[in-house]
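Read the structure below first, then the notes.
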Amino acid sequence: MWFFRSPQIVFGPESLDYLVEIPARHALIITDANLVQLGLVNLVTRKLDEAGVAYTLFPEVRAEPTLELALRGAEVAREVKPDLIIGLGGGSAMDTAKTVRVLYERPDLPVDGISPLEPLNLSKDIRLITIPTTSGTGADVGWGVVLTDEVSHRKLVLGSPEGLADFAIVDPVFTLDLPPAITRDTGMDVLAHAIECFVGAWRNDFTDGLMIKATELVLTYLPRAYKNPHDEEAREHMHNAATIAGLGLGNAQIGICHSMAHALGGMFHAPHGRLIGICLPYTLEFAANGMPDNLAALARYLGLTTAPGQEGAYALVEAVRQLGRETGHPRSLKEIGIGEREFAESLPTLLDNASQDPCTITSPRVPESEEFNELFWCVYHGKPVTF
Amino acid sequence: MPKFPSHEWVVALCEALNSSEAYAEAAKNWEGDFYFIVEPGGPLTEQAILYMDLWHGKCREAKGITDPGEKNPAFVMSANYDTWVRVIKAQLDPIQGLMTRKLKLKGNMTMIMKNVKAAQELVKCCALVPTEWA
């Protein structure tokens, strides 16, 4: 027994227009100050004005949102009593919005206690809309959230299926001016979602086809979107790819590339997508060395090779590396300026947090402690994974 | 060969956990005792309760319980007999079991979500216990 869960997805150019069709009295917009400055929040508030919906802005989201930020957002929600919550931004804003939506109705829950393991019994009176402004996290359609515990420097994977958005509005208009580095980093996150969900322990018939399509879209359109930010066709397909791959989150599950990136992000505060793009080839190599068949199958579906087993799996790893080269993605933690001594001192905490990350247990091949240690060093130095 | 569910079986599981380096490492931060409740179903006609006191990677006590009020554990996990068998035989991921409510859990969810690897290693140890099924 398992589930396939999804919000209603409204996608494509001008899909933001659908916002006026969603009845509401008062909207709470959870976003970040940068998007206010860039004028992207205005695109949303204009639609709310058109529909006669009052709104309150909560533009306090920062990269790597914290438990404390979500609690503050929930306080604002209880003050203004919205019947619509809008998460507008990247994963940080949408994850905060999903958490605020739960805590607004369930102030009794500890913020780090929102889990899929018990019913929340949320009402249907408050609706949540997610509007991604980057083509990356898939947080618009997944129920999981990642919030940082500042005390333990740990990124916690939380969330409940009941916190899933009611609507995801996937309009590429928000992405047309994204800088190349953000385009590249977030695009690598999409690729990691798609591949990890295709090969993970919770993969299933309902997600497999979606993950193949998302992988194909990234390999085809990310180089174009990176090289020409105003390539509207590439932007639209990348935006769709992010949401399609996002359907793997929660319905299948991601793996150790994300466990490692979560641990590293909690410690070194580099952008999530950059850490994902650095870790991905190494974690795929690790999978290819022990459990290559599903990776080889994906390579075959993509037309990269017909070789089975490890040879086929390595064709996919090479395609990922080639994408990294085409987009100038850093290849190691050392390359992004993390000092070796600082890294070595952090390693025990990184290992603890990565091994206890929920994404680890759904990996196709779960590393033992010593293997995890070696993997982290391979990612640090940019060395091939031979074990 | 101990029969599942029984006092002898949970004691054997306790010994398996205490012999497992992987469990000791994965559960080194775990604090909390459990009732594992096996509801009647299949060949099992009466409810069975297995108690385990799990503490920092070790099992401090394990026993079959006849009076549910004997202990007041931090966590209570319950399922019918057939579901437990699937978990122990690694045919059902315990986290998926919890998410589909095949397994029901009461207790501190934060603690569980921060220690999922411990749950996985515990289930691996279950498979190491030679078992006679009821």
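Residue names in the structure tokens use chain letters A, B, ... in the order shown, residue numbers from 1 in each chain, and ligand numbers from 1 in the order shown.
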Worksheet entry | Who sits within 8 Å of segment 132-138 of chain A, only C-alpha atoms, same chain under 5 positions skipped, as a PyMOL selection string | chain A and resi 87-91+94+169-172+174-175+178+183+185-190+238-247+249+273
Picked from segment 123-322 of chain A by DSSP as helix (DSSP H, G or I), as a compact mmCIF listing (two decimals) with N, CA and C atoms, in the first residue's frame:
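Saved as states.txt:
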```txt
# COMPACT_ATOMS: atom_id res chain seq x y z
N PRO A 161 2.02 14.90 4.98
CA PRO A 161 1.23 14.91 3.74
C PRO A 161 0.02 15.83 3.83
N GLU A 162 -0.49 16.04 5.04
CA GLU A 162 -1.64 16.93 5.18
C GLU A 162 -1.26 18.39 4.94
N GLY A 163 0.03 18.69 4.96
CA GLY A 163 0.49 20.05 4.72
C GLY A 163 0.74 20.34 3.25
N PRO A 172 6.49 30.15 -15.66
CA PRO A 172 7.92 30.43 -15.89
C PRO A 172 8.27 31.91 -15.90
N VAL A 173 7.27 32.77 -15.85
CA VAL A 173 7.55 34.22 -15.86
C VAL A 173 8.50 34.61 -14.72
N PHE A 174 8.43 33.88 -13.61
CA PHE A 174 9.25 34.24 -12.46
C PHE A 174 10.74 33.92 -12.66
N THR A 175 11.03 33.10 -13.66
CA THR A 175 12.40 32.59 -13.78
C THR A 175 13.21 33.28 -14.88
N PRO A 180 22.65 33.07 -14.07
CA PRO A 180 23.11 31.73 -14.50
C PRO A 180 23.49 30.81 -13.34
N ALA A 181 24.17 31.34 -12.32
CA ALA A 181 24.61 30.45 -11.24
C ALA A 181 23.42 29.84 -10.49
N ILE A 182 22.39 30.64 -10.27
CA ILE A 182 21.19 30.10 -9.58
C ILE A 182 20.47 29.12 -10.50
N THR A 183 20.42 29.45 -11.79
CA THR A 183 19.80 28.54 -12.76
C THR A 183 20.50 27.18 -12.72
N ARG A 184 21.82 27.21 -12.71
CA ARG A 184 22.61 25.98 -12.72
C ARG A 184 22.43 25.20 -11.41
N ASP A 185 22.58 25.88 -10.29
CA ASP A 185 22.50 25.18 -9.01
C ASP A 185 21.13 24.55 -8.80
N THR A 186 20.08 25.34 -9.06
CA THR A 186 18.73 24.81 -8.85
C THR A 186 18.42 23.70 -9.86
N GLY A 187 18.97 23.84 -11.07
CA GLY A 187 18.76 22.79 -12.07
C GLY A 187 19.40 21.48 -11.66
N MET A 188 20.55 21.55 -11.00
CA MET A 188 21.19 20.31 -10.52
C MET A 188 20.36 19.66 -9.42
N ASP A 189 19.66 20.48 -8.64
CA ASP A 189 18.76 19.93 -7.62
C ASP A 189 17.62 19.14 -8.28
N VAL A 190 17.09 19.69 -9.37
CA VAL A 190 16.03 18.99 -10.10
C VAL A 190 16.55 17.62 -10.57
N LEU A 191 17.74 17.65 -11.15
CA LEU A 191 18.33 16.41 -11.66
C LEU A 191 18.49 15.38 -10.54
N ALA A 192 18.95 15.84 -9.40
CA ALA A 192 19.15 14.92 -8.27
C ALA A 192 17.81 14.35 -7.80
N HIS A 193 16.77 15.17 -7.74
CA HIS A 193 15.46 14.65 -7.34
C HIS A 193 15.03 13.54 -8.30
N ALA A 194 15.15 13.84 -9.59
CA ALA A 194 14.65 12.89 -10.58
C ALA A 194 15.42 11.57 -10.52
N ILE A 195 16.74 11.65 -10.48
CA ILE A 195 17.53 10.41 -10.51
C ILE A 195 17.37 9.65 -9.20
N GLU A 196 17.48 10.36 -8.07
CA GLU A 196 17.39 9.65 -6.78
C GLU A 196 16.02 9.01 -6.59
N CYS A 197 14.97 9.69 -7.04
CA CYS A 197 13.64 9.09 -6.89
C CYS A 197 13.44 7.92 -7.84
N PHE A 198 14.14 7.93 -8.98
CA PHE A 198 14.02 6.80 -9.91
C PHE A 198 14.72 5.56 -9.39
N VAL A 199 15.80 5.73 -8.65
CA VAL A 199 16.58 4.56 -8.22
C VAL A 199 16.37 4.22 -6.74
N ASP A 205 5.70 2.53 -9.60
CA ASP A 205 5.23 2.66 -10.99
C ASP A 205 4.67 4.05 -11.29
N PHE A 206 4.13 4.71 -10.27
CA PHE A 206 3.49 6.00 -10.50
C PHE A 206 4.51 7.12 -10.68
N THR A 207 5.69 6.98 -10.12
CA THR A 207 6.68 8.06 -10.22
C THR A 207 7.74 7.80 -11.29
N ASP A 208 7.98 6.54 -11.64
CA ASP A 208 9.11 6.24 -12.53
C ASP A 208 9.07 7.03 -13.84
N GLY A 209 7.92 7.04 -14.50
CA GLY A 209 7.83 7.73 -15.79
C GLY A 209 8.08 9.23 -15.64
N LEU A 210 7.56 9.79 -14.57
CA LEU A 210 7.76 11.23 -14.32
C LEU A 210 9.25 11.54 -14.14
N MET A 211 9.95 10.65 -13.43
CA MET A 211 11.36 10.91 -13.16
C MET A 211 12.20 10.80 -14.43
N ILE A 212 11.83 9.87 -15.31
CA ILE A 212 12.55 9.76 -16.59
C ILE A 212 12.37 11.06 -17.38
N LYS A 213 11.12 11.54 -17.44
CA LYS A 213 10.84 12.77 -18.21
C LYS A 213 11.59 13.96 -17.61
N ALA A 214 11.57 14.06 -16.28
CA ALA A 214 12.25 15.20 -15.65
C ALA A 214 13.75 15.16 -15.94
N THR A 215 14.35 13.97 -15.87
CA THR A 215 15.78 13.84 -16.16
C THR A 215 16.07 14.28 -17.59
N GLU A 216 15.24 13.81 -18.52
CA GLU A 216 15.43 14.16 -19.93
C GLU A 216 15.34 15.67 -20.14
N LEU A 217 14.35 16.30 -19.49
CA LEU A 217 14.18 17.75 -19.65
C LEU A 217 15.40 18.51 -19.12
N VAL A 218 15.93 18.08 -17.98
CA VAL A 218 17.10 18.80 -17.42
C VAL A 218 18.31 18.64 -18.34
N LEU A 219 18.56 17.41 -18.76
CA LEU A 219 19.75 17.20 -19.62
C LEU A 219 19.64 18.00 -20.91
N THR A 220 18.40 18.19 -21.40
CA THR A 220 18.21 18.91 -22.66
C THR A 220 18.22 20.42 -22.48
N TYR A 221 17.50 20.90 -21.45
CA TYR A 221 17.22 22.34 -21.38
C TYR A 221 18.06 23.12 -20.37
N LEU A 222 18.69 22.44 -19.40
CA LEU A 222 19.48 23.23 -18.44
C LEU A 222 20.65 23.96 -19.11
N PRO A 223 21.40 23.31 -20.02
CA PRO A 223 22.49 24.07 -20.66
C PRO A 223 21.98 25.29 -21.42
N ARG A 224 20.81 25.17 -22.05
CA ARG A 224 20.26 26.32 -22.79
C ARG A 224 19.83 27.43 -21.84
N ALA A 225 19.15 27.06 -20.75
CA ALA A 225 18.70 28.10 -19.80
C ALA A 225 19.89 28.76 -19.12
N TYR A 226 20.95 27.99 -18.92
CA TYR A 226 22.16 28.54 -18.28
C TYR A 226 22.86 29.52 -19.21
N LYS A 227 22.96 29.12 -20.48
CA LYS A 227 23.72 29.97 -21.42
C LYS A 227 22.91 31.18 -21.89
N GLU A 232 13.03 31.38 -23.56
CA GLU A 232 11.74 31.13 -22.89
C GLU A 232 11.32 29.67 -22.96
N GLU A 233 11.64 29.03 -24.09
CA GLU A 233 11.28 27.61 -24.22
C GLU A 233 12.05 26.79 -23.18
N ALA A 234 13.35 27.06 -23.05
CA ALA A 234 14.15 26.32 -22.07
C ALA A 234 13.67 26.61 -20.64
N ARG A 235 13.36 27.87 -20.36
CA ARG A 235 12.88 28.24 -19.03
C ARG A 235 11.57 27.50 -18.69
N GLU A 236 10.67 27.47 -19.66
CA GLU A 236 9.38 26.80 -19.39
C GLU A 236 9.59 25.31 -19.11
N HIS A 237 10.42 24.68 -19.93
CA HIS A 237 10.64 23.23 -19.72
C HIS A 237 11.39 22.97 -18.41
N MET A 238 12.32 23.83 -18.06
CA MET A 238 13.03 23.63 -16.78
C MET A 238 12.08 23.83 -15.59
N HIS A 239 11.18 24.79 -15.73
CA HIS A 239 10.22 25.04 -14.64
C HIS A 239 9.30 23.82 -14.48
N ASN A 240 8.86 23.28 -15.60
CA ASN A 240 8.03 22.07 -15.54
C ASN A 240 8.83 20.91 -14.97
N ALA A 241 10.09 20.79 -15.40
CA ALA A 241 10.93 19.67 -14.92
C ALA A 241 11.05 19.70 -13.40
N ALA A 242 11.21 20.91 -12.85
CA ALA A 242 11.37 21.02 -11.39
C ALA A 242 10.13 20.50 -10.67
N THR A 243 8.96 20.84 -11.19
CA THR A 243 7.72 20.40 -10.54
C THR A 243 7.50 18.91 -10.78
N ILE A 244 7.79 18.43 -11.97
CA ILE A 244 7.63 17.00 -12.25
C ILE A 244 8.55 16.19 -11.33
N ALA A 245 9.80 16.61 -11.22
CA ALA A 245 10.72 15.89 -10.32
C ALA A 245 10.28 16.02 -8.87
N GLY A 246 9.68 17.17 -8.56
CA GLY A 246 9.18 17.37 -7.20
C GLY A 246 8.11 16.36 -6.82
N ILE A 256 20.97 9.66 -0.56
CA ILE A 256 22.10 10.17 0.22
C ILE A 256 22.73 11.44 -0.34
N CYS A 257 22.53 11.72 -1.62
CA CYS A 257 23.03 13.01 -2.13
C CYS A 257 22.38 14.13 -1.31
N HIS A 258 21.10 13.98 -1.05
CA HIS A 258 20.40 14.99 -0.25
C HIS A 258 20.78 14.91 1.23
N SER A 259 21.00 13.71 1.75
CA SER A 259 21.43 13.60 3.16
C SER A 259 22.74 14.36 3.36
N MET A 260 23.66 14.16 2.43
CA MET A 260 24.97 14.81 2.55
C MET A 260 24.84 16.33 2.37
N ALA A 261 24.04 16.74 1.38
CA ALA A 261 23.87 18.18 1.15
C ALA A 261 23.16 18.85 2.33
N HIS A 262 22.19 18.16 2.92
CA HIS A 262 21.53 18.73 4.11
C HIS A 262 22.56 18.93 5.23
N ALA A 263 23.37 17.89 5.45
CA ALA A 263 24.37 17.98 6.54
C ALA A 263 25.37 19.10 6.25
N LEU A 264 25.84 19.17 5.01
CA LEU A 264 26.81 20.20 4.64
C LEU A 264 26.20 21.59 4.71
N GLY A 265 24.96 21.72 4.26
CA GLY A 265 24.30 23.03 4.28
C GLY A 265 24.09 23.54 5.69
N GLY A 266 23.75 22.62 6.61
CA GLY A 266 23.57 23.02 8.00
C GLY A 266 24.86 23.53 8.62
N MET A 267 25.98 23.04 8.11
CA MET A 267 27.28 23.39 8.69
C MET A 267 27.94 24.57 7.97
N PHE A 268 27.91 24.55 6.63
CA PHE A 268 28.71 25.53 5.88
C PHE A 268 27.89 26.58 5.14
N HIS A 272 21.95 25.24 -1.36
CA HIS A 272 21.57 23.81 -1.40
C HIS A 272 21.88 23.18 -2.76
N GLY A 273 21.44 23.87 -3.84
CA GLY A 273 21.63 23.29 -5.16
C GLY A 273 23.10 23.11 -5.52
N ARG A 274 23.94 24.02 -5.03
CA ARG A 274 25.37 23.90 -5.33
C ARG A 274 25.94 22.67 -4.64
N LEU A 275 25.55 22.47 -3.40
CA LEU A 275 26.04 21.30 -2.67
C LEU A 275 25.51 20.01 -3.31
N ILE A 276 24.26 20.07 -3.74
CA ILE A 276 23.68 18.90 -4.42
C ILE A 276 24.46 18.59 -5.69
N GLY A 277 24.71 19.62 -6.48
CA GLY A 277 25.43 19.41 -7.74
C GLY A 277 26.83 18.89 -7.53
N ILE A 278 27.45 19.28 -6.42
CA ILE A 278 28.79 18.77 -6.11
C ILE A 278 28.70 17.30 -5.69
N CYS A 279 27.75 16.97 -4.83
CA CYS A 279 27.69 15.61 -4.27
C CYS A 279 27.18 14.58 -5.29
N LEU A 280 26.31 15.01 -6.21
CA LEU A 280 25.58 14.04 -7.02
C LEU A 280 26.44 13.02 -7.78
N PRO A 281 27.47 13.44 -8.53
CA PRO A 281 28.22 12.42 -9.28
C PRO A 281 28.86 11.37 -8.37
N TYR A 282 29.27 11.79 -7.18
CA TYR A 282 29.95 10.85 -6.27
C TYR A 282 28.96 9.86 -5.65
N THR A 283 27.79 10.37 -5.26
CA THR A 283 26.80 9.45 -4.67
C THR A 283 26.24 8.50 -5.73
N LEU A 284 26.18 8.97 -6.97
CA LEU A 284 25.73 8.07 -8.04
C LEU A 284 26.79 7.01 -8.32
N GLU A 285 28.05 7.42 -8.27
CA GLU A 285 29.13 6.43 -8.44
C GLU A 285 29.05 5.36 -7.35
N PHE A 286 28.79 5.81 -6.12
CA PHE A 286 28.68 4.87 -5.01
C PHE A 286 27.54 3.88 -5.27
N ALA A 287 26.41 4.39 -5.74
CA ALA A 287 25.29 3.50 -6.07
C ALA A 287 25.66 2.58 -7.23
N ALA A 288 26.33 3.15 -8.23
CA ALA A 288 26.69 2.36 -9.42
C ALA A 288 27.64 1.22 -9.08
N ASN A 289 28.45 1.40 -8.04
CA ASN A 289 29.42 0.36 -7.67
C ASN A 289 28.78 -0.82 -6.94
N GLY A 290 27.56 -0.63 -6.44
CA GLY A 290 26.94 -1.72 -5.69
C GLY A 290 25.55 -2.10 -6.14
N ASP A 293 21.74 -1.46 -11.32
CA ASP A 293 20.75 -1.81 -12.34
C ASP A 293 19.74 -0.71 -12.65
N ASN A 294 19.23 -0.05 -11.63
CA ASN A 294 18.24 1.00 -11.89
C ASN A 294 18.86 2.22 -12.56
N LEU A 295 20.11 2.53 -12.19
CA LEU A 295 20.80 3.63 -12.87
C LEU A 295 21.01 3.28 -14.34
N ALA A 296 21.38 2.03 -14.60
CA ALA A 296 21.58 1.60 -15.99
C ALA A 296 20.27 1.65 -16.76
N ALA A 297 19.19 1.28 -16.08
CA ALA A 297 17.88 1.34 -16.75
C ALA A 297 17.53 2.77 -17.12
N LEU A 298 17.82 3.70 -16.22
CA LEU A 298 17.53 5.11 -16.52
C LEU A 298 18.38 5.59 -17.70
N ALA A 299 19.64 5.19 -17.70
CA ALA A 299 20.53 5.56 -18.82
C ALA A 299 19.97 5.01 -20.14
N ARG A 300 19.43 3.80 -20.05
CA ARG A 300 18.87 3.17 -21.26
C ARG A 300 17.62 3.93 -21.73
N TYR A 301 16.74 4.27 -20.79
CA TYR A 301 15.53 5.03 -21.16
C TYR A 301 15.89 6.37 -21.80
N GLY A 309 24.07 -3.05 -16.15
CA GLY A 309 24.93 -3.09 -14.97
C GLY A 309 25.76 -1.83 -14.80
N GLN A 310 26.98 -2.06 -14.28
CA GLN A 310 27.81 -0.93 -13.89
C GLN A 310 28.19 -0.04 -15.09
N GLU A 311 28.42 -0.68 -16.22
CA GLU A 311 28.79 0.11 -17.41
C GLU A 311 27.66 1.08 -17.79
N GLY A 312 26.44 0.56 -17.76
CA GLY A 312 25.29 1.41 -18.07
C GLY A 312 25.14 2.51 -17.04
N ALA A 313 25.30 2.15 -15.76
CA ALA A 313 25.16 3.13 -14.67
C ALA A 313 26.19 4.24 -14.83
N TYR A 314 27.43 3.87 -15.20
CA TYR A 314 28.47 4.88 -15.35
C TYR A 314 28.21 5.82 -16.53
N ALA A 315 27.42 5.36 -17.52
CA ALA A 315 27.05 6.26 -18.62
C ALA A 315 26.20 7.40 -18.09
N LEU A 316 25.35 7.10 -17.13
CA LEU A 316 24.53 8.15 -16.53
C LEU A 316 25.39 9.09 -15.68
N VAL A 317 26.31 8.50 -14.92
CA VAL A 317 27.20 9.33 -14.10
C VAL A 317 27.98 10.30 -15.00
N GLU A 318 28.44 9.79 -16.12
CA GLU A 318 29.20 10.63 -17.06
C GLU A 318 28.30 11.75 -17.63
N ALA A 319 27.04 11.44 -17.90
CA ALA A 319 26.13 12.47 -18.41
C ALA A 319 25.94 13.57 -17.37
N VAL A 320 25.88 13.18 -16.11
CA VAL A 320 25.74 14.18 -15.03
C VAL A 320 27.01 15.03 -14.96
N ARG A 321 28.17 14.36 -15.06
CA ARG A 321 29.44 15.12 -15.01
C ARG A 321 29.55 16.07 -16.21
N GLN A 322 29.12 15.59 -17.37
CA GLN A 322 29.18 16.43 -18.58
C GLN A 322 28.31 17.68 -18.42
```
Worksheet item: Taking only C-alpha atoms into account, which of B:Val38, B:Ala22, B:Ala79, B:Ala48 comes nearest chain A?
Response: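 Looking at the shortest contact to chain A, the residue is B:Ala22.
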Item to complete: Counting only C-alpha atoms, collect the residues of chain A whose closest atom lies at most 12 Å from chain B, and write them out as a PyMOL selection string.
Response: chain A and resi 1-4+109-119+149+152+154-162+201-202+250-253+259+351-363+366-370
For the selection just defined, write its residues with N, CA and C atoms to a file, as a compact mmCIF listing (two decimals), in the first residue's frame.
```txt
# COMPACT_ATOMS: atom_id res chain seq x y z
N MET A 1 0.84 -1.20 0.00
CA MET A 1 0.00 0.00 0.00
C MET A 1 0.87 1.25 0.00
N TRP A 2 0.52 2.17 -0.87
CA TRP A 2 1.25 3.44 -0.89
C TRP A 2 0.35 4.50 -1.51
N PHE A 3 0.83 5.71 -1.61
CA PHE A 3 0.02 6.82 -2.09
C PHE A 3 0.74 7.55 -3.23
N PHE A 4 -0.05 8.22 -4.07
CA PHE A 4 0.51 9.24 -4.95
C PHE A 4 -0.26 10.52 -4.66
N LEU A 109 1.55 21.88 18.31
CA LEU A 109 2.64 21.01 17.83
C LEU A 109 3.99 21.68 18.00
N PRO A 110 5.02 20.97 18.45
CA PRO A 110 6.38 21.54 18.35
C PRO A 110 6.75 21.60 16.88
N VAL A 111 7.42 22.68 16.49
CA VAL A 111 7.68 22.87 15.06
C VAL A 111 8.50 21.72 14.49
N ASP A 112 9.41 21.17 15.30
CA ASP A 112 10.20 20.05 14.78
C ASP A 112 9.49 18.71 15.00
N GLY A 113 8.23 18.77 15.39
CA GLY A 113 7.46 17.54 15.59
C GLY A 113 6.44 17.31 14.50
N ILE A 114 6.49 18.13 13.44
CA ILE A 114 5.56 17.92 12.33
C ILE A 114 6.09 16.76 11.49
N SER A 115 5.44 15.64 11.61
CA SER A 115 5.96 14.44 10.94
C SER A 115 4.84 13.76 10.16
N PRO A 116 5.24 12.91 9.23
CA PRO A 116 4.21 12.19 8.48
C PRO A 116 3.64 11.00 9.25
N LEU A 117 4.09 10.82 10.47
CA LEU A 117 3.76 9.58 11.18
C LEU A 117 2.47 9.63 11.97
N GLU A 118 1.87 10.80 12.10
CA GLU A 118 0.60 10.88 12.82
C GLU A 118 -0.33 11.87 12.14
N PRO A 119 -1.65 11.63 12.20
CA PRO A 119 -2.59 12.55 11.55
C PRO A 119 -2.59 13.92 12.23
N ASP A 149 17.75 23.80 12.32
CA ASP A 149 17.82 24.00 13.76
C ASP A 149 19.14 24.71 14.04
N SER A 152 21.60 23.10 16.79
CA SER A 152 22.41 21.91 16.49
C SER A 152 23.08 22.00 15.12
N ARG A 154 21.74 21.65 12.36
CA ARG A 154 21.26 20.51 11.59
C ARG A 154 20.03 20.92 10.79
N LYS A 155 20.02 20.52 9.51
CA LYS A 155 18.83 20.70 8.70
C LYS A 155 17.90 19.54 8.98
N LEU A 156 16.68 19.83 9.39
CA LEU A 156 15.73 18.78 9.75
C LEU A 156 14.75 18.57 8.60
N VAL A 157 14.51 17.31 8.28
CA VAL A 157 13.52 16.99 7.25
C VAL A 157 12.22 16.68 7.97
N LEU A 158 11.24 17.55 7.77
CA LEU A 158 9.98 17.48 8.51
C LEU A 158 8.82 17.46 7.52
N GLY A 159 7.62 17.67 8.03
CA GLY A 159 6.46 17.82 7.15
C GLY A 159 5.48 16.70 7.28
N SER A 160 4.27 16.99 6.78
CA SER A 160 3.20 16.00 6.81
C SER A 160 2.47 16.04 5.47
N PRO A 161 2.02 14.90 4.98
CA PRO A 161 1.23 14.91 3.74
C PRO A 161 0.02 15.83 3.83
N GLU A 162 -0.49 16.04 5.04
CA GLU A 162 -1.64 16.93 5.18
C GLU A 162 -1.26 18.39 4.94
N ALA A 201 14.76 3.40 -2.83
CA ALA A 201 14.08 2.22 -2.28
C ALA A 201 12.56 2.34 -2.34
N TRP A 202 12.04 3.55 -2.42
CA TRP A 202 10.59 3.74 -2.45
C TRP A 202 10.07 4.05 -3.86
N GLY A 250 8.34 12.58 -1.56
CA GLY A 250 7.17 12.16 -0.81
C GLY A 250 6.46 10.98 -1.44
N ASN A 251 6.35 10.98 -2.78
CA ASN A 251 5.70 9.86 -3.45
C ASN A 251 6.69 8.71 -3.71
N ALA A 252 7.93 9.06 -4.03
CA ALA A 252 9.04 8.09 -3.97
C ALA A 252 9.94 8.71 -2.89
N GLN A 253 11.19 8.79 -3.05
CA GLN A 253 11.99 9.51 -2.05
C GLN A 253 13.40 9.69 -2.57
N SER A 259 21.00 13.71 1.75
CA SER A 259 21.43 13.60 3.16
C SER A 259 22.74 14.36 3.36
N LEU A 351 28.76 13.35 9.61
CA LEU A 351 28.45 11.93 9.51
C LEU A 351 27.21 11.58 10.32
N ASP A 352 27.12 12.11 11.53
CA ASP A 352 25.94 11.86 12.37
C ASP A 352 24.68 12.34 11.68
N ASN A 353 24.73 13.59 11.22
CA ASN A 353 23.52 14.18 10.64
C ASN A 353 23.13 13.52 9.32
N ALA A 354 24.12 13.19 8.51
CA ALA A 354 23.80 12.55 7.22
C ALA A 354 23.24 11.14 7.44
N SER A 355 23.82 10.40 8.38
CA SER A 355 23.35 9.02 8.55
C SER A 355 21.96 8.98 9.17
N GLN A 356 21.59 9.99 9.95
CA GLN A 356 20.24 10.01 10.56
C GLN A 356 19.23 10.78 9.71
N ASP A 357 19.67 11.30 8.58
CA ASP A 357 18.75 12.03 7.71
C ASP A 357 17.75 11.02 7.12
N PRO A 358 16.46 11.36 7.11
CA PRO A 358 15.48 10.40 6.57
C PRO A 358 15.75 9.99 5.12
N CYS A 359 16.47 10.82 4.37
CA CYS A 359 16.75 10.47 2.97
C CYS A 359 17.74 9.30 2.87
N THR A 360 18.50 9.07 3.92
CA THR A 360 19.51 8.00 3.84
C THR A 360 18.87 6.63 3.74
N ILE A 361 17.82 6.40 4.51
CA ILE A 361 17.27 5.04 4.55
C ILE A 361 16.54 4.67 3.26
N THR A 362 16.27 5.67 2.40
CA THR A 362 15.59 5.34 1.15
C THR A 362 16.56 5.29 -0.03
N SER A 363 17.84 5.36 0.26
CA SER A 363 18.83 5.27 -0.82
C SER A 363 18.87 3.84 -1.37
N VAL A 366 22.71 1.97 1.00
CA VAL A 366 22.93 2.78 2.20
C VAL A 366 24.36 2.57 2.68
N PRO A 367 25.16 3.63 2.77
CA PRO A 367 26.56 3.45 3.18
C PRO A 367 26.68 3.10 4.66
N GLU A 368 27.63 2.23 4.96
CA GLU A 368 28.01 2.00 6.35
C GLU A 368 28.81 3.23 6.80
N SER A 369 29.08 3.31 8.11
CA SER A 369 29.73 4.52 8.66
C SER A 369 31.04 4.86 7.94
N GLU A 370 31.90 3.85 7.76
CA GLU A 370 33.21 4.09 7.16
C GLU A 370 33.06 4.52 5.69
```
Practice prompt. Output as a VMD selection string all residues of segment 28-268 of chain A that backbone DSSP marks as strand (DSSP E).
Written response: chain A and resid 28 to 30 54 to 58 84 to 89 127 to 132 144 to 149 154 to 159 167 to 170
Item to complete: Kindly indicate which residue among B:Ala134, B:Ala90, B:Ala127, B:Leu122 lies nearest to Ala24 of chain B, using only C-alpha atoms for the distances.
Response: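 The shortest atom-to-atom distance to Ala24 of chain B comes from B:Leu122.
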Discussion item. Report as a VMD selection string all protein, DNA and RNA residues lying within 9 Å of Phe343 of chain A, evaluated on only C-alpha atoms, omitting residues in the same chain fewer than 5 positions from it.
Written reply: chain A and resid 333 338 380
Fill in: Selection: 7 Å around Asp33 of chain B, only C-alpha atoms, excl. self and same-chain fewer than 6 positions, as a list of chain:residue names
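Contacts, in chain order: B:Met52, B:Asp53, B:Leu54, B:Pro73, B:Ala74, B:Phe75.
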Please dump the current selection as a compact mmCIF listing (two decimals), in the first residue's frame; keep N, CA and C atoms.
```txt
# COMPACT_ATOMS: atom_id res chain seq x y z
N MET B 52 10.69 -3.24 25.42
CA MET B 52 12.14 -3.07 25.28
C MET B 52 12.53 -1.70 25.80
N ASP B 53 13.58 -1.68 26.60
CA ASP B 53 14.13 -0.41 27.09
C ASP B 53 15.41 -0.14 26.30
N LEU B 54 15.30 0.82 25.37
CA LEU B 54 16.41 1.12 24.45
C LEU B 54 17.06 2.42 24.88
N PRO B 73 5.77 3.12 29.00
CA PRO B 73 6.86 3.43 28.08
C PRO B 73 6.67 4.75 27.35
N ALA B 74 7.78 5.29 26.87
CA ALA B 74 7.73 6.55 26.12
C ALA B 74 7.08 6.37 24.75
N PHE B 75 7.20 5.18 24.19
CA PHE B 75 6.67 4.93 22.85
C PHE B 75 5.82 3.65 22.84
```
Discussion item. Which residues are close to Pro2 of chain B, i.e. within 12 Å by only C-alpha atoms, leaving aside same-chain residues fewer than 5 positions away? Reply as a list in words.
Written reply: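 Surrounding residues, per the criterion: His7, Glu8, Trp9, Val10, Val11, Ala12, Leu13, Val129, Pro130, Thr131, Glu132, Trp133 and Ala134 of chain B.
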Item to complete: Could you check how far atom CA of Ala168 of chain A sits from atom CA of Val76 of chain A, in Å to one decimal?
Response: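 Taking atom CA of Ala168 of chain A and atom CA of Val76 of chain A, their separation equals 22.6 Å.
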Worksheet item: What does the distance from atom CA of Pro68 of chain B to atom CA of Val123 of chain B come to in Å, to one decimal?
Response: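 A separation of 23.4 Å between them.
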Discussion item. Need the shell around Trp30 of chain B: protein/DNA/RNA residues with any atom at most 7 Å away, counting only C-alpha atoms. Skip same-chain ones fewer than 3 positions apart. Format as a ChimeraX atom specification?
Written reply: /B:27,55-57
